[in-house]
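Colleague: Sharing protein33.tsv, TSV, C-alpha atoms and all ligand atoms:
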```tsv
chain	number	residue	atom	x	y	z
B	1	MET	CA	-68.79	42.66	20.65
B	2	THR	CA	-66.35	41.68	23.39
B	3	LYS	CA	-64.40	38.51	22.80
B	4	ARG	CA	-65.85	35.76	24.97
B	5	GLU	CA	-64.68	32.20	25.39
B	6	PRO	CA	-67.05	29.86	23.59
B	7	LEU	CA	-68.77	27.12	25.59
B	8	LEU	CA	-68.79	24.90	22.52
B	9	GLU	CA	-66.57	25.20	19.50
B	10	VAL	CA	-67.02	23.07	16.40
B	11	ARG	CA	-63.93	23.36	14.22
B	12	ASN	CA	-63.76	22.30	10.57
B	13	LEU	CA	-65.89	19.26	11.28
B	14	SER	CA	-66.38	16.75	8.47
B	15	ILE	CA	-68.45	13.60	8.93
B	16	ALA	CA	-69.11	10.81	6.47
B	17	PHE	CA	-71.16	7.63	6.61
B	18	ARG	CA	-69.82	4.34	5.35
B	19	MET	CA	-72.53	2.83	3.17
B	20	ASP	CA	-70.74	-0.27	1.90
B	21	ARG	CA	-67.15	-1.35	1.35
B	22	LYS	CA	-66.60	1.13	-1.44
B	23	THR	CA	-68.93	4.01	-0.69
B	24	LYS	CA	-68.60	6.78	1.82
B	25	LEU	CA	-70.98	9.72	1.77
B	26	ASP	CA	-70.18	13.12	3.24
B	27	ALA	CA	-72.94	14.45	5.49
B	28	VAL	CA	-71.19	17.36	7.21
B	29	ARG	CA	-68.39	19.23	5.51
B	30	ASP	CA	-65.85	21.62	6.97
B	31	LEU	CA	-68.35	23.02	9.45
B	32	SER	CA	-67.24	25.54	12.07
B	33	PHE	CA	-69.33	27.39	14.61
B	34	CYS	CA	-69.38	28.40	18.27
B	35	VAL	CA	-71.94	28.57	21.03
B	36	TYR	CA	-71.27	31.17	23.72
B	37	PRO	CA	-72.37	30.98	27.36
B	38	GLY	CA	-76.01	31.93	27.86
B	39	GLU	CA	-76.88	32.32	24.20
B	40	THR	CA	-79.28	30.49	21.92
B	41	LEU	CA	-77.90	29.48	18.55
B	42	GLY	CA	-80.53	28.53	15.99
B	43	ILE	CA	-79.56	26.10	13.23
B	44	LEU	CA	-81.83	26.47	10.23
B	45	GLY	CA	-82.13	24.51	7.01
B	46	GLU	CA	-84.51	22.31	5.06
B	47	SER	CA	-84.83	18.66	5.89
B	48	GLY	CA	-81.70	16.71	4.95
B	49	CYS	CA	-79.22	19.58	5.33
B	50	GLY	CA	-77.21	17.89	8.07
B	51	LYS	CA	-78.66	19.57	11.15
B	52	SER	CA	-79.38	16.40	13.11
B	53	VAL	CA	-76.08	14.80	12.15
B	54	THR	CA	-74.32	17.90	13.47
B	55	CYS	CA	-76.23	17.75	16.77
B	56	MET	CA	-75.77	14.05	17.26
B	57	SER	CA	-72.05	14.33	16.59
B	58	ILE	CA	-71.63	16.71	19.54
B	59	LEU	CA	-72.49	13.93	21.97
B	60	LYS	CA	-71.13	11.22	19.68
B	61	LEU	CA	-74.55	9.65	19.31
B	62	LEU	CA	-74.13	8.71	15.64
B	63	PRO	CA	-73.87	4.99	14.82
B	64	ALA	CA	-70.28	4.14	15.75
B	65	ARG	CA	-69.89	1.40	13.15
B	66	THR	CA	-70.68	3.54	10.10
B	67	THR	CA	-69.74	7.06	11.11
B	68	ILE	CA	-66.39	8.46	10.06
B	69	TYR	CA	-65.17	11.66	11.65
B	70	ASN	CA	-62.98	12.72	8.75
B	71	SER	CA	-61.55	15.86	10.23
B	72	GLY	CA	-62.03	18.64	12.69
B	73	ASP	CA	-62.87	18.69	16.35
B	74	ILE	CA	-65.61	19.56	18.81
B	75	LEU	CA	-64.43	21.39	21.91
B	76	PHE	CA	-66.56	21.79	25.02
B	77	GLU	CA	-65.03	24.22	27.48
B	78	GLY	CA	-61.81	23.70	25.57
B	79	GLN	CA	-61.83	19.88	25.82
B	80	SER	CA	-62.17	17.68	22.77
B	81	LEU	CA	-65.39	15.69	22.87
B	82	LEU	CA	-64.41	13.68	19.80
B	83	ASN	CA	-61.26	12.35	21.41
B	84	MET	CA	-62.65	11.95	24.89
B	85	PRO	CA	-62.76	8.41	26.34
B	86	GLU	CA	-66.32	7.08	26.31
B	87	LYS	CA	-66.44	6.88	30.09
B	88	LYS	CA	-65.69	10.55	30.52
B	89	LEU	CA	-68.05	11.52	27.68
B	90	SER	CA	-70.88	9.58	29.27
B	91	LYS	CA	-70.52	11.83	32.33
B	92	ILE	CA	-70.96	14.89	30.14
B	93	ARG	CA	-74.05	13.48	28.40
B	94	GLY	CA	-77.18	14.41	30.30
B	95	ASN	CA	-75.21	16.35	32.88
B	96	GLU	CA	-73.27	19.12	31.23
B	97	ILE	CA	-74.88	18.72	27.82
B	98	SER	CA	-78.44	17.45	27.39
B	99	MET	CA	-80.45	16.82	24.30
B	100	ILE	CA	-84.13	16.76	23.46
B	101	PHE	CA	-85.57	15.28	20.31
B	102	GLN	CA	-88.62	15.70	18.16
B	103	GLU	CA	-90.29	12.51	19.35
B	104	PRO	CA	-90.42	12.50	23.14
B	105	MET	CA	-91.83	8.97	23.29
B	106	THR	CA	-88.62	7.50	21.90
B	107	SER	CA	-86.66	8.85	24.87
B	108	LEU	CA	-89.09	7.78	27.58
B	109	ASN	CA	-89.51	4.35	29.03
B	110	PRO	CA	-93.17	3.34	28.60
B	111	LEU	CA	-92.98	0.95	31.55
B	112	LEU	CA	-91.97	3.50	34.16
B	113	THR	CA	-93.87	6.42	35.63
B	114	VAL	CA	-92.57	9.88	34.89
B	115	GLY	CA	-91.52	10.26	38.52
B	116	ASP	CA	-89.53	7.02	38.50
B	117	GLN	CA	-87.71	8.07	35.34
B	118	LEU	CA	-86.81	11.47	36.70
B	119	MET	CA	-85.66	9.99	40.00
B	120	GLU	CA	-83.60	7.37	38.23
B	121	ILE	CA	-81.73	10.03	36.27
B	122	LEU	CA	-81.05	11.97	39.46
B	123	ARG	CA	-79.74	8.92	41.25
B	124	ILE	CA	-77.50	7.87	38.38
B	125	HIS	CA	-76.03	11.35	38.52
B	126	ASP	CA	-75.69	11.27	42.29
B	127	PRO	CA	-75.91	7.72	43.70
B	128	LYS	CA	-75.87	9.04	47.26
B	129	MET	CA	-79.09	10.98	46.79
B	130	ASP	CA	-81.85	9.48	48.96
B	131	LYS	CA	-85.36	8.78	47.75
B	132	GLN	CA	-87.00	11.76	49.45
B	133	GLU	CA	-84.49	14.15	48.00
B	134	ALA	CA	-84.86	12.62	44.52
B	135	TYR	CA	-88.65	12.95	44.80
B	136	ARG	CA	-88.34	16.55	45.90
B	137	ARG	CA	-86.04	17.37	42.97
B	138	ALA	CA	-88.30	15.56	40.47
B	139	LEU	CA	-91.31	17.49	41.75
B	140	GLU	CA	-89.40	20.72	41.47
B	141	ALA	CA	-88.38	19.85	37.91
B	142	VAL	CA	-91.95	19.24	36.70
B	143	THR	CA	-93.14	22.34	38.57
B	144	ASP	CA	-90.44	24.36	36.79
B	145	VAL	CA	-91.81	23.37	33.40
B	146	ARG	CA	-95.23	24.66	34.47
B	147	ILE	CA	-97.05	21.38	34.55
B	148	PRO	CA	-100.31	21.68	36.46
B	149	ASN	CA	-100.86	19.05	39.12
B	150	PRO	CA	-97.20	17.98	39.27
B	151	GLU	CA	-97.71	15.34	42.00
B	152	ARG	CA	-100.19	13.50	39.82
B	153	ILE	CA	-97.94	13.73	36.76
B	154	LEU	CA	-95.09	12.06	38.64
B	155	GLU	CA	-97.36	9.04	39.19
B	156	SER	CA	-98.44	8.88	35.53
B	157	TYR	CA	-97.16	6.77	32.67
B	158	PRO	CA	-95.97	8.51	29.47
B	159	PHE	CA	-98.65	6.98	27.23
B	160	THR	CA	-101.39	8.75	29.17
B	161	MET	CA	-100.03	12.19	28.23
B	162	SER	CA	-100.43	14.57	25.31
B	163	GLY	CA	-97.51	15.47	23.02
B	164	GLY	CA	-97.15	18.92	24.54
B	165	MET	CA	-97.07	17.50	28.06
B	166	LEU	CA	-94.49	14.89	27.06
B	167	GLN	CA	-92.28	17.53	25.53
B	168	ARG	CA	-92.44	19.47	28.81
B	169	ILE	CA	-91.41	16.31	30.64
B	170	MET	CA	-88.51	15.93	28.22
B	171	ILE	CA	-87.44	19.48	28.96
B	172	ALA	CA	-87.75	18.83	32.70
B	173	MET	CA	-85.62	15.72	32.25
B	174	ALA	CA	-83.02	17.51	30.15
B	175	MET	CA	-82.77	20.34	32.69
B	176	LEU	CA	-82.61	18.07	35.77
B	177	ASN	CA	-78.88	18.25	36.21
B	178	LYS	CA	-78.68	21.92	35.19
B	179	PRO	CA	-76.73	21.41	31.97
B	180	LYS	CA	-74.55	24.14	30.54
B	181	LEU	CA	-75.75	23.31	27.04
B	182	LEU	CA	-79.14	22.07	25.89
B	183	ILE	CA	-79.42	20.78	22.34
B	184	CYS	CA	-82.98	20.74	20.99
B	185	ASP	CA	-83.50	18.99	17.68
B	186	GLU	CA	-86.87	20.04	16.21
B	187	PRO	CA	-88.33	20.13	19.73
B	188	THR	CA	-91.74	21.42	18.69
B	189	THR	CA	-92.13	20.05	15.17
B	190	ALA	CA	-94.58	17.36	16.29
B	191	LEU	CA	-96.72	19.81	18.27
B	192	ASP	CA	-99.61	21.96	17.15
B	193	VAL	CA	-99.06	25.68	16.89
B	194	THR	CA	-100.51	26.82	20.23
B	195	ILE	CA	-98.69	24.17	22.23
B	196	GLN	CA	-95.54	24.88	20.24
B	197	ALA	CA	-95.67	28.54	21.29
B	198	GLN	CA	-96.07	27.52	24.94
B	199	VAL	CA	-93.12	25.14	24.81
B	200	LEU	CA	-90.89	27.74	23.14
B	201	ASP	CA	-91.90	30.32	25.69
B	202	LEU	CA	-91.06	27.87	28.44
B	203	MET	CA	-87.64	27.19	26.95
B	204	ASN	CA	-86.93	30.90	26.77
B	205	ARG	CA	-87.92	31.39	30.40
B	206	LEU	CA	-85.80	28.47	31.57
B	207	LYS	CA	-82.86	29.87	29.67
B	208	GLU	CA	-83.30	33.24	31.35
B	209	GLU	CA	-83.47	31.62	34.77
B	210	SER	CA	-80.65	29.13	34.39
B	211	GLY	CA	-78.24	30.77	31.93
B	212	THR	CA	-78.09	27.51	29.96
B	213	SER	CA	-76.88	27.87	26.38
B	214	ILE	CA	-79.21	26.40	23.80
B	215	ILE	CA	-78.77	25.02	20.31
B	216	ILE	CA	-82.15	24.84	18.65
B	217	VAL	CA	-82.42	23.05	15.35
B	218	THR	CA	-85.38	23.41	13.07
B	219	HIS	CA	-86.55	23.83	9.50
B	220	ASP	CA	-89.13	26.33	10.79
B	221	LEU	CA	-88.16	29.96	10.39
B	222	GLY	CA	-90.83	31.07	12.86
B	223	VAL	CA	-89.39	28.89	15.63
B	224	ILE	CA	-85.86	30.09	14.94
B	225	SER	CA	-86.80	33.75	15.02
B	226	GLU	CA	-88.71	33.26	18.27
B	227	MET	CA	-85.73	31.71	20.01
B	228	SER	CA	-82.35	32.65	18.60
B	229	ASP	CA	-79.74	35.22	19.50
B	230	ARG	CA	-77.61	34.02	16.60
B	231	VAL	CA	-78.45	31.88	13.62
B	232	MET	CA	-76.52	29.51	11.40
B	233	VAL	CA	-78.09	28.45	8.10
B	234	MET	CA	-76.98	25.09	6.70
B	235	TYR	CA	-77.29	23.51	3.29
B	236	GLY	CA	-75.79	20.28	1.98
B	237	GLY	CA	-73.86	19.70	5.21
B	238	ARG	CA	-72.19	23.10	4.99
B	239	LYS	CA	-72.69	26.49	6.54
B	240	CYS	CA	-74.24	29.08	4.21
B	241	GLU	CA	-74.68	32.02	6.49
B	242	GLU	CA	-74.23	32.89	10.14
B	243	GLY	CA	-74.81	35.95	12.22
B	244	ILE	CA	-76.84	37.79	14.79
B	245	ALA	CA	-80.47	36.75	14.27
B	246	ASN	CA	-81.60	40.22	13.16
B	247	ASP	CA	-78.84	40.48	10.57
B	248	VAL	CA	-79.59	37.08	9.10
B	249	PHE	CA	-83.36	37.64	9.00
B	250	PHE	CA	-83.43	41.25	7.91
B	251	SER	CA	-80.31	41.42	5.73
B	252	PRO	CA	-79.79	37.86	4.46
B	253	ARG	CA	-77.01	37.70	1.87
B	254	HIS	CA	-76.91	34.04	0.91
B	255	PRO	CA	-79.35	33.19	-1.89
B	256	TYR	CA	-80.43	30.12	0.09
B	257	THR	CA	-81.23	32.16	3.21
B	258	GLN	CA	-83.11	34.66	1.06
B	259	GLY	CA	-85.09	31.84	-0.52
B	260	LEU	CA	-85.96	30.31	2.86
B	261	ILE	CA	-87.21	33.64	4.15
B	262	ALA	CA	-89.13	34.36	0.96
B	263	SER	CA	-90.89	31.03	1.05
B	264	HIS	CA	-91.94	31.41	4.68
B	265	PRO	CA	-95.66	32.20	4.80
B	266	SER	CA	-95.30	35.24	7.02
B	267	ALA	CA	-92.36	36.71	5.11
B	268	SER	CA	-92.80	40.43	5.09
B	269	LEU	CA	-90.14	40.86	2.45
B	270	ASP	CA	-90.84	41.77	-1.13
B	271	LYS	CA	-91.81	38.47	-2.73
B	272	GLU	CA	-91.63	39.87	-6.26
B	273	ARG	CA	-87.88	40.24	-6.01
B	274	LEU	CA	-87.19	36.99	-4.23
B	275	PRO	CA	-87.14	33.65	-5.91
B	276	MET	CA	-88.86	30.78	-4.17
B	277	ILE	CA	-86.37	27.95	-4.02
B	278	PRO	CA	-86.94	25.57	-6.91
B	279	GLY	CA	-85.97	21.92	-6.55
B	280	SER	CA	-85.21	20.06	-3.36
B	281	VAL	CA	-82.34	19.17	-1.05
B	282	PRO	CA	-80.17	16.58	-2.83
B	283	SER	CA	-79.44	13.25	-1.21
B	284	LEU	CA	-75.86	12.75	-0.09
B	285	LYS	CA	-74.95	10.71	-3.13
B	286	ASP	CA	-76.24	13.38	-5.52
B	287	MET	CA	-74.58	16.32	-3.80
B	288	PRO	CA	-73.29	18.74	-6.46
B	289	LYS	CA	-69.64	19.72	-6.58
B	290	GLY	CA	-68.52	23.18	-5.51
B	291	CYS	CA	-71.19	25.11	-3.68
B	292	PRO	CA	-73.84	22.54	-2.70
B	293	PHE	CA	-76.61	25.04	-3.51
B	294	ASN	CA	-75.36	25.92	-7.01
B	295	ASN	CA	-77.89	23.84	-8.96
B	296	ARG	CA	-80.82	25.62	-7.26
B	297	CYS	CA	-79.27	29.06	-7.06
B	298	PRO	CA	-80.46	31.90	-9.29
B	299	TYR	CA	-77.07	33.61	-9.00
B	300	ALA	CA	-74.83	30.62	-9.76
B	301	THR	CA	-72.12	30.86	-12.39
B	302	GLU	CA	-69.88	28.12	-13.70
B	303	SER	CA	-67.27	28.46	-10.97
B	304	CYS	CA	-69.95	27.89	-8.31
B	305	GLY	CA	-70.15	24.34	-9.66
B	306	SER	CA	-66.48	23.64	-9.10
B	307	LEU	CA	-65.18	25.69	-6.18
B	308	VAL	CA	-66.38	25.49	-2.60
B	309	PRO	CA	-67.10	29.00	-1.29
B	310	GLN	CA	-65.07	30.22	1.65
B	311	GLN	CA	-66.37	32.27	4.57
B	312	GLU	CA	-66.73	35.98	3.81
B	313	GLU	CA	-67.06	38.34	6.74
B	314	LEU	CA	-69.60	41.08	6.20
B	315	GLY	CA	-68.72	42.71	9.49
B	316	ASP	CA	-70.26	42.46	12.95
B	317	SER	CA	-69.86	38.67	12.92
B	318	HIS	CA	-72.11	38.26	9.89
B	319	ILE	CA	-70.65	35.49	7.73
B	320	VAL	CA	-71.74	34.35	4.30
B	321	CYS	CA	-70.34	31.44	2.28
B	322	CYS	CA	-71.12	32.37	-1.30
B	323	HIS	CA	-68.93	33.19	-4.32
B	324	ARG	CA	-71.48	35.64	-5.58
B	325	TRP	CA	-72.44	37.43	-2.39
B	326	LYS	CA	-71.40	40.81	-3.75
B	327	GLU	CA	-73.80	40.38	-6.65
B	328	VAL	CA	-76.66	39.07	-4.49
B	329	THR	CA	-79.24	41.80	-4.08
B	330	PRO	CA	-79.51	42.75	-0.42
B	331	VAL	CA	-83.05	42.63	0.89
B	332	GLY	CA	-84.71	44.23	3.86
B	401	LIG	N1	-76.76	7.17	9.99
B	401	LIG	C1	-76.82	7.63	8.73
B	401	LIG	N2	-76.34	6.90	7.71
B	401	LIG	C2	-76.38	7.40	6.43
B	401	LIG	N3	-76.88	8.59	6.09
B	401	LIG	C3	-77.38	9.36	7.06
B	401	LIG	C4	-77.39	8.92	8.45
B	401	LIG	N4	-77.94	9.90	9.20
B	401	LIG	C5	-78.28	10.90	8.33
B	401	LIG	N5	-77.94	10.57	7.06
B	401	LIG	C6	-78.10	11.43	5.87
B	401	LIG	O1	-77.42	12.64	6.13
B	401	LIG	C7	-78.11	13.74	5.56
B	401	LIG	C8	-78.38	14.77	6.64
B	401	LIG	O2	-79.31	14.22	7.55
B	401	LIG	P1	-79.85	15.00	8.82
B	401	LIG	O3	-78.72	15.57	9.58
B	401	LIG	O4	-80.75	14.06	9.53
B	401	LIG	O5	-80.70	16.18	8.16
B	401	LIG	P2	-81.62	17.26	8.87
B	401	LIG	O6	-81.60	17.01	10.34
B	401	LIG	O7	-81.05	18.58	8.48
B	401	LIG	O8	-82.98	17.05	8.29
B	401	LIG	C9	-79.37	13.18	4.93
B	401	LIG	O9	-79.13	13.03	3.55
B	401	LIG	C10	-79.52	11.84	5.61
B	401	LIG	O10	-80.18	10.92	4.77
B	402	MG	MG	-83.19	16.47	11.59
```
Translate this file's structure into structure tokens.
Ligand SMILES: Nc1ncnc2c1ncn2[C@@H]1O[C@H](COP(=O)(O)OP(=O)(O)O)[C@@H](O)[C@H]1O
Ligand SMILES: [Mg+2]
Modeller:
Amino acid sequence: MTKREPLLEVRNLSIAFRMDRKTKLDAVRDLSFCVYPGETLGILGESGCGKSVTCMSILKLLPARTTIYNSGDILFEGQSLLNMPEKKLSKIRGNEISMIFQEPMTSLNPLLTVGDQLMEILRIHDPKMDKQEAYRRALEAVTDVRIPNPERILESYPFTMSGGMLQRIMIAMAMLNKPKLLICDEPTTALDVTIQAQVLDLMNRLKEESGTSIIIVTHDLGVISEMSDRVMVMYGGRKCEEGIANDVFFSPRHPYTQGLIASHPSASLDKERLPMIPGSVPSLKDMPKGCPFNNRCPYATESCGSLVPQQEELGDSHIVCCHRWKEVTPVG
């Protein structure tokens, strides 16, 4: 692969939350990854692995009073987002980097029509834009996300719409200012399967048309495989495995990745050989020492409980963070 400049680079990021005067809990630990122009990076992991905290940190949306950025940095086009003055960062939010969440209703104003909300965003971005132009752009945005009857939708209030329709509006909103990076945190988790497929398809088409890079976060292997060029698997606030989607899905080398794939209903891999993952994701205060997965891992030895695994390169940008990766039976 040719060396490209990353659009986003997260470097050795560690984030903790202050719980009370004495207690701090680590939520993200020594996490590094990149997003390249035009690609979709999928972040996969069970609930509680630190995916949302990672996403929210990129735009500094975590609660300022209790969040501690212990170390590391987040660079967007080479500029530190963590050290950027709030005023400058607020120009990047929603313009260069947009975000969509699982629950669209929480990001929409129930008292305004969809059209008014879209036009407001456009006019905050460009105060000189006149009303006709803002209307034209809003109409174009809802047409782009394949909403039938777009004129009528602009006049409607959010509460009159279905979940799938709202998520399309959210995508239209997030894409309004043609961001370079779109962060989608469980964008289809609240939707039923058919609608989910339509929304994912839409996101893929928009990406093709606009060249926007996407981070898609989910606990759903099916969604990740539908969308991602590259995948990063997280556990306990750390990276377990990262690579080109095909490598991670068809030759997973981290026991956690193997377990996730094996426990997915449509896994075509040999279930006899693969352990389902026993136990559940620990809370931050019960996080084991060493490799965070060691107490659920069929391969763990004593040292896994004391030493944090470093990144091992398996070639072709496939990375695994496991002491025992050489002993882990390859699958696929
Ligand atoms: N603001 C917060 N204060 C304290 N703990 C938090 C906060 N946000 C998230 N956490 C904890 O951080 C861990 C990771 O959470 P999260 O990133 O939301 O997981 P995921 O998105 O992978 O399901 C969880 O244990 C969660 O309880
Ligand atoms: Mg989450």
Colleague: Near Glu312 in chain B, within 12 Å and counting all atoms listed in the file, which residues show up once chain neighbours fewer than 2 positions away are dropped, as a VMD selection string?
Modeller: chain B and resid 239 to 243 253 to 254 309 to 310 314 to 326
Colleague: Rank nothing, just name the residue among B:Tyr256, B:Tyr69, B:Tyr36, B:Phe101 nearest to ligand MG 402 (chain B), using only C-alpha atoms and all ligand atoms.
Modeller: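 Using only C-alpha atoms and all ligand atoms, the shortest distance to ligand MG 402 (chain B) belongs to B:Phe101.
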Colleague: Could you report the residues within 8 Å of ligand LIG 401 (chain B), using only C-alpha atoms and all ligand atoms, as a PyMOL selection string?
Modeller: chain B and resi 17-19+25-28+45-55+62-63+66-67+185+217-219+234+236-237+282-284
Colleague: Quick one: pull the distance between CA of Met170 in chain B and CA of Leu108 in chain B, Å, one decimal.
Modeller: 8.2 Å
Colleague: Using only C-alpha atoms, can you tell me which of B:Ala300, B:Leu41, B:Leu8, B:Val328 comes closest to Ser225 in chain B?
Modeller: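 So, comparing all the options, the nearest one is B:Leu41.
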Colleague: At most 12 Å from (-81.9, 8.9, 36.5), file frame, all atoms listed in the file: which residues, as a list in words?
Modeller: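 Counting all atoms listed in the file, I find these residues within 12 Å of (-81.9, 8.9, 36.5): Gly94, Asn95, Leu108, Asn109, Leu112, Val114, Gly115, Asp116, Gln117, Leu118, Met119, Glu120, Ile121, Leu122, Arg123, Ile124, His125, Asp126, Pro127, Met129, Lys131, Ala134, Tyr135, Arg137, Ala138, Met173, Ala174, Leu176 and Asn177 of chain B.
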Colleague: Can you complete the atoms of range 117-135 of chain B to N, CA and C atoms and list them as a PDB file, keeping the file's coordinate frame?
Modeller:
```pdb
ATOM      1  N   GLN B 117     -88.762   7.773  36.328  1.00  0.00           N
ATOM      2  CA  GLN B 117     -87.710   8.070  35.340  1.00  0.00           C
ATOM      3  C   GLN B 117     -86.878   9.263  35.751  1.00  0.00           C
ATOM      4  N   LEU B 118     -87.557  10.285  36.265  1.00  0.00           N
ATOM      5  CA  LEU B 118     -86.810  11.470  36.700  1.00  0.00           C
ATOM      6  C   LEU B 118     -85.906  11.109  37.881  1.00  0.00           C
ATOM      7  N   MET B 119     -86.446  10.345  38.812  1.00  0.00           N
ATOM      8  CA  MET B 119     -85.660   9.990  40.000  1.00  0.00           C
ATOM      9  C   MET B 119     -84.478   9.100  39.646  1.00  0.00           C
ATOM     10  N   GLU B 120     -84.700   8.237  38.652  1.00  0.00           N
ATOM     11  CA  GLU B 120     -83.600   7.370  38.230  1.00  0.00           C
ATOM     12  C   GLU B 120     -82.441   8.191  37.667  1.00  0.00           C
ATOM     13  N   ILE B 121     -82.787   9.180  36.839  1.00  0.00           N
ATOM     14  CA  ILE B 121     -81.730  10.030  36.270  1.00  0.00           C
ATOM     15  C   ILE B 121     -80.958  10.743  37.376  1.00  0.00           C
ATOM     16  N   LEU B 122     -81.709  11.251  38.356  1.00  0.00           N
ATOM     17  CA  LEU B 122     -81.050  11.970  39.460  1.00  0.00           C
ATOM     18  C   LEU B 122     -80.116  11.057  40.231  1.00  0.00           C
ATOM     19  N   ARG B 123     -80.547   9.819  40.411  1.00  0.00           N
ATOM     20  CA  ARG B 123     -79.740   8.920  41.250  1.00  0.00           C
ATOM     21  C   ARG B 123     -78.583   8.292  40.493  1.00  0.00           C
ATOM     22  N   ILE B 124     -78.686   8.289  39.152  1.00  0.00           N
ATOM     23  CA  ILE B 124     -77.500   7.870  38.380  1.00  0.00           C
ATOM     24  C   ILE B 124     -76.448   8.964  38.505  1.00  0.00           C
ATOM     25  N   HIS B 125     -76.934  10.203  38.433  1.00  0.00           N
ATOM     26  CA  HIS B 125     -76.030  11.350  38.520  1.00  0.00           C
ATOM     27  C   HIS B 125     -75.380  11.421  39.911  1.00  0.00           C
ATOM     28  N   ASP B 126     -76.187  11.162  40.917  1.00  0.00           N
ATOM     29  CA  ASP B 126     -75.690  11.270  42.290  1.00  0.00           C
ATOM     30  C   ASP B 126     -76.210  10.080  43.100  1.00  0.00           C
ATOM     31  N   PRO B 127     -75.444   8.963  43.077  1.00  0.00           N
ATOM     32  CA  PRO B 127     -75.910   7.720  43.700  1.00  0.00           C
ATOM     33  C   PRO B 127     -76.201   7.869  45.207  1.00  0.00           C
ATOM     34  N   LYS B 128     -75.634   8.882  45.818  1.00  0.00           N
ATOM     35  CA  LYS B 128     -75.870   9.040  47.260  1.00  0.00           C
ATOM     36  C   LYS B 128     -77.197   9.736  47.573  1.00  0.00           C
ATOM     37  N   MET B 129     -77.842  10.244  46.542  1.00  0.00           N
ATOM     38  CA  MET B 129     -79.090  10.980  46.790  1.00  0.00           C
ATOM     39  C   MET B 129     -80.170  10.025  47.318  1.00  0.00           C
ATOM     40  N   ASP B 130     -80.829  10.402  48.454  1.00  0.00           N
ATOM     41  CA  ASP B 130     -81.850   9.480  48.960  1.00  0.00           C
ATOM     42  C   ASP B 130     -83.181   9.715  48.241  1.00  0.00           C
ATOM     43  N   LYS B 131     -84.124   8.781  48.512  1.00  0.00           N
ATOM     44  CA  LYS B 131     -85.360   8.780  47.750  1.00  0.00           C
ATOM     45  C   LYS B 131     -86.184  10.049  47.942  1.00  0.00           C
ATOM     46  N   GLN B 132     -86.226  10.533  49.177  1.00  0.00           N
ATOM     47  CA  GLN B 132     -87.000  11.760  49.450  1.00  0.00           C
ATOM     48  C   GLN B 132     -86.450  12.942  48.667  1.00  0.00           C
ATOM     49  N   GLU B 133     -85.123  13.036  48.698  1.00  0.00           N
ATOM     50  CA  GLU B 133     -84.490  14.150  48.000  1.00  0.00           C
ATOM     51  C   GLU B 133     -84.748  14.038  46.481  1.00  0.00           C
ATOM     52  N   ALA B 134     -84.627  12.816  45.951  1.00  0.00           N
ATOM     53  CA  ALA B 134     -84.860  12.620  44.520  1.00  0.00           C
ATOM     54  C   ALA B 134     -86.309  12.993  44.176  1.00  0.00           C
ATOM     55  N   TYR B 135     -87.254  12.609  45.040  1.00  0.00           N
ATOM     56  CA  TYR B 135     -88.650  12.950  44.800  1.00  0.00           C
ATOM     57  C   TYR B 135     -88.846  14.473  44.809  1.00  0.00           C
TER      58      TYR B 135
END
```
